[in-house]
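**Q** Just passing along the structure, written as structure tokens.
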Amino acid sequence: MKPIPFLIAASLLVLAEPGLAGTIRVEPGADAQSRLQAALIDAKPGDVVELGAGRFDLTDGLSLDVDRVTVKGAGPGATILSFKGQKGAGEGLLVTADDVVLRGFAVEDSRGDGIKSKAANRIVYHDLRVEWTGGPKASNGAYGVYPVESTDVLIDKVTVKGASDAGIYVGQSKNIIVRNSLAMFNVAGIEIENCYGADVYQNVATHNAGGILVFDLPNLPQKGGHSVRIFSNRSERNDTANFAPKGNIVAGVPNGTGVIIMANRDVHVFNNILGENGSTNIFIVGYRNSFTDTGYNPLPANVVIGGNIHGRAGYAPGPQFEGGAEMLAAMGSVPPIVWDGTGANIRVTDKVPTLSLRLTDPTARATSANPAIVDLGQGAEPAGLAPIVLPPSMEAALR
């Protein structure tokens, strides 16, 4: 057989294969909105949408619904998606596809959430910044990064400032890692809500109202949050006044709180550095509001606290901390760990005082509390929770 026909045949076979992965480059400048959205629509699985350095002045939200796409900028200080001129109230970027990698860019001043992903499995948020540049305001978007209803979530090296709900929020998801990130000047720095299996580690939460929250709420498709490890973080100087819009669940977070565990089970909080939190360093509580969801358990259970380093706490309880001012007057300061007294199997071995309010009903008012310092370190040490393991492809995407 002659070589030329063979080469022609091979070329035809290549042309007949599905489109090979490629790079779509988008630069800032005129018509950035239409050009960037077109790139996200035209991308094929395996493609990289590469954003050039500079400021993209955008007037509407962006969306991506193609699997296995990477959106990559020149770095969160170099590639900036500015939504200051956004006309609608939606997200800056909405992702509804699997195996997406977002890395190396910033989102500023979105009217709604900064970056939201919904039902987006194996999503990676890496080396990102989301910020409301006017500082903490109730009119800011609710969430900085916001994966929800997803399995396998990795948030790594993300900075969020100014969210009016939670800076880094993961909701109703499974198998989650949040690490190496910075949350500051948000209402809640980092929040894990109604999730199954999360590791939150090596993060810094500072100058928020509340540093790190593990919540479970009623009336959601996924509830009964459990198996969350909060370790090797710094949650310090959470001294920003709570600026959440009225009626928001986090509007009740006392400013000056390091960690709050509400109505979750199997939560382990260990080897963190906590301090300069005016309300308390760790708060363990049941869900206080009324609800009609018959499948919901409002009480915390199997919470393990140990090995944490505590600095000063309880010297300026936030106004949302019912009874906090009275405790301050009676005790000189609120102890570093406060438990409302509800739930079961709460174990604390940190070498600081733990105050129990000795309530039996989380909806009871503070006036019915009978506070006392308690020893919650008796009995056998419970088994540790298994580390979260993500698919290797997600870690490989960081390289």
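By order in the structure tokens, chains are A, B, ...; within a chain, residues start at 1; ligands start at 1, following the order shown.
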Which polymer residues have any atom within 9 Å of an atom of Gly341 (chain A), counting only C-alpha atoms, with same-chain residues fewer than 4 positions away left out, as an NGL selection string?
**A** :A and (284-286 or 355-362)
**Q** Suppose we keep C-alpha atoms; can you now write the selection as a PDB file, in the first residue's frame?
**A**
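Output contents, as saved in part-v9.pdb:
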```
ATOM      1  CA  ILE A 284     -23.284  24.451  70.619  1.00  0.00           C
ATOM      2  CA  VAL A 285     -27.036  24.914  70.269  1.00  0.00           C
ATOM      3  CA  GLY A 286     -30.302  23.450  69.068  1.00  0.00           C
ATOM      4  CA  LEU A 355     -20.890  26.836  80.379  1.00  0.00           C
ATOM      5  CA  SER A 356     -24.151  24.943  80.048  1.00  0.00           C
ATOM      6  CA  LEU A 357     -27.358  26.963  80.003  1.00  0.00           C
ATOM      7  CA  ARG A 358     -29.080  23.723  81.091  1.00  0.00           C
ATOM      8  CA  LEU A 359     -32.052  24.190  78.806  1.00  0.00           C
ATOM      9  CA  THR A 360     -34.141  21.197  77.757  1.00  0.00           C
ATOM     10  CA  ASP A 361     -35.879  22.972  74.888  1.00  0.00           C
ATOM     11  CA  PRO A 362     -33.818  24.995  72.377  1.00  0.00           C
TER      12      PRO A 362
END
```
**Q** Mind checking DSSP for region 144-261 of chain A and telling me the strand (DSSP E) residues as number ranges by chain?
**A** A: 144-148, 151-161, 166-171, 174-179, 182-184, 188-193, 196-201, 204-206, 210-215, 226-231, 234-236, 257-261
**Q** May I have all residues of region 239-360 of chain A that DSSP, computed from the backbone, assigns to alpha helix (DSSP H), given as a list in words?
**A**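 The alpha helix (DSSP H) subset of region 239-360 of chain A is Gly324, Ala325, Glu326, Met327, Leu328, Ala329, Ala330 and Met331 of chain A.
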**Q** Taking 6 positions as the minimum chain separation for residues in the same chain, which residues sit within 6 Å of region 266-275 of chain A when counting only C-alpha atoms? Answer as a PyMOL selection string.
**A** chain A and resi 226-236+281+302-313
**Q** Restricting it to N, CA and C atoms, dump the selection as a compact mmCIF listing (two decimals), in the first residue's frame.
**A**
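Dumped to again27.txt:
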```txt
# COMPACT_ATOMS: atom_id res chain seq x y z
N HIS A 226 -24.51 15.77 59.09
CA HIS A 226 -23.68 14.94 59.97
C HIS A 226 -22.29 14.75 59.40
N SER A 227 -21.41 14.26 60.25
CA SER A 227 -20.05 13.85 59.87
C SER A 227 -19.24 15.01 59.30
N VAL A 228 -19.01 16.00 60.17
CA VAL A 228 -18.27 17.19 59.78
C VAL A 228 -17.07 17.35 60.71
N ARG A 229 -15.89 17.53 60.14
CA ARG A 229 -14.68 17.76 60.92
C ARG A 229 -14.21 19.20 60.67
N ILE A 230 -14.06 19.95 61.76
CA ILE A 230 -13.54 21.32 61.73
C ILE A 230 -12.20 21.28 62.46
N PHE A 231 -11.09 21.40 61.75
CA PHE A 231 -9.80 21.22 62.41
C PHE A 231 -8.70 22.06 61.74
N SER A 232 -7.73 22.42 62.58
CA SER A 232 -6.55 23.15 62.12
C SER A 232 -6.89 24.46 61.42
N ASN A 233 -7.95 25.12 61.89
CA ASN A 233 -8.33 26.44 61.39
C ASN A 233 -7.96 27.50 62.41
N ARG A 234 -7.98 28.76 61.98
CA ARG A 234 -7.91 29.91 62.87
C ARG A 234 -9.22 30.67 62.73
N SER A 235 -9.94 30.80 63.84
CA SER A 235 -11.17 31.60 63.85
C SER A 235 -11.01 32.62 64.96
N GLU A 236 -10.55 33.80 64.58
CA GLU A 236 -10.14 34.81 65.54
C GLU A 236 -10.66 36.19 65.13
N ASN A 281 -15.99 31.47 72.00
CA ASN A 281 -15.22 30.79 70.95
C ASN A 281 -15.99 29.67 70.28
N ASN A 302 -23.63 14.00 69.48
CA ASN A 302 -22.32 13.43 69.17
C ASN A 302 -21.33 14.49 68.70
N VAL A 303 -21.26 15.55 69.48
CA VAL A 303 -20.34 16.65 69.19
C VAL A 303 -19.10 16.46 70.06
N VAL A 304 -17.93 16.50 69.43
CA VAL A 304 -16.68 16.28 70.14
C VAL A 304 -15.78 17.49 69.97
N ILE A 305 -15.38 18.09 71.09
CA ILE A 305 -14.53 19.28 71.08
C ILE A 305 -13.25 18.94 71.84
N GLY A 306 -12.09 19.12 71.20
CA GLY A 306 -10.85 18.80 71.91
C GLY A 306 -9.61 19.30 71.19
N GLY A 307 -8.57 19.58 71.98
CA GLY A 307 -7.29 19.95 71.40
C GLY A 307 -7.22 21.35 70.82
N ASN A 308 -8.22 22.19 71.10
CA ASN A 308 -8.22 23.55 70.57
C ASN A 308 -7.45 24.49 71.49
N ILE A 309 -6.86 25.50 70.91
CA ILE A 309 -6.16 26.53 71.66
C ILE A 309 -7.07 27.74 71.76
N HIS A 310 -7.36 28.17 72.98
CA HIS A 310 -8.32 29.25 73.19
C HIS A 310 -7.61 30.51 73.65
N GLY A 311 -7.89 31.61 72.98
CA GLY A 311 -7.51 32.91 73.47
C GLY A 311 -8.70 33.58 74.14
N ARG A 312 -8.63 34.86 74.28
CA ARG A 312 -9.66 35.61 74.99
C ARG A 312 -11.01 35.48 74.29
N ALA A 313 -12.07 35.39 75.11
CA ALA A 313 -13.43 35.26 74.56
C ALA A 313 -14.43 35.76 75.59
```
**Q** Excluding Thr240 (chain A) and any residue of its chain fewer than 5 positions from it, enumerate the residues within 7 Å of it, using only C-alpha atoms, and give them as a PyMOL selection string.
**A** chain A and resi 185+207-209+255
**Q** So, counting only C-alpha atoms, which residue among A:Ala142, A:Leu220, A:Ala325, A:Ile192 is closest to Ala244 (chain A)?
**A**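 Selected residue with least distance to Ala244 (chain A): A:Ala142.
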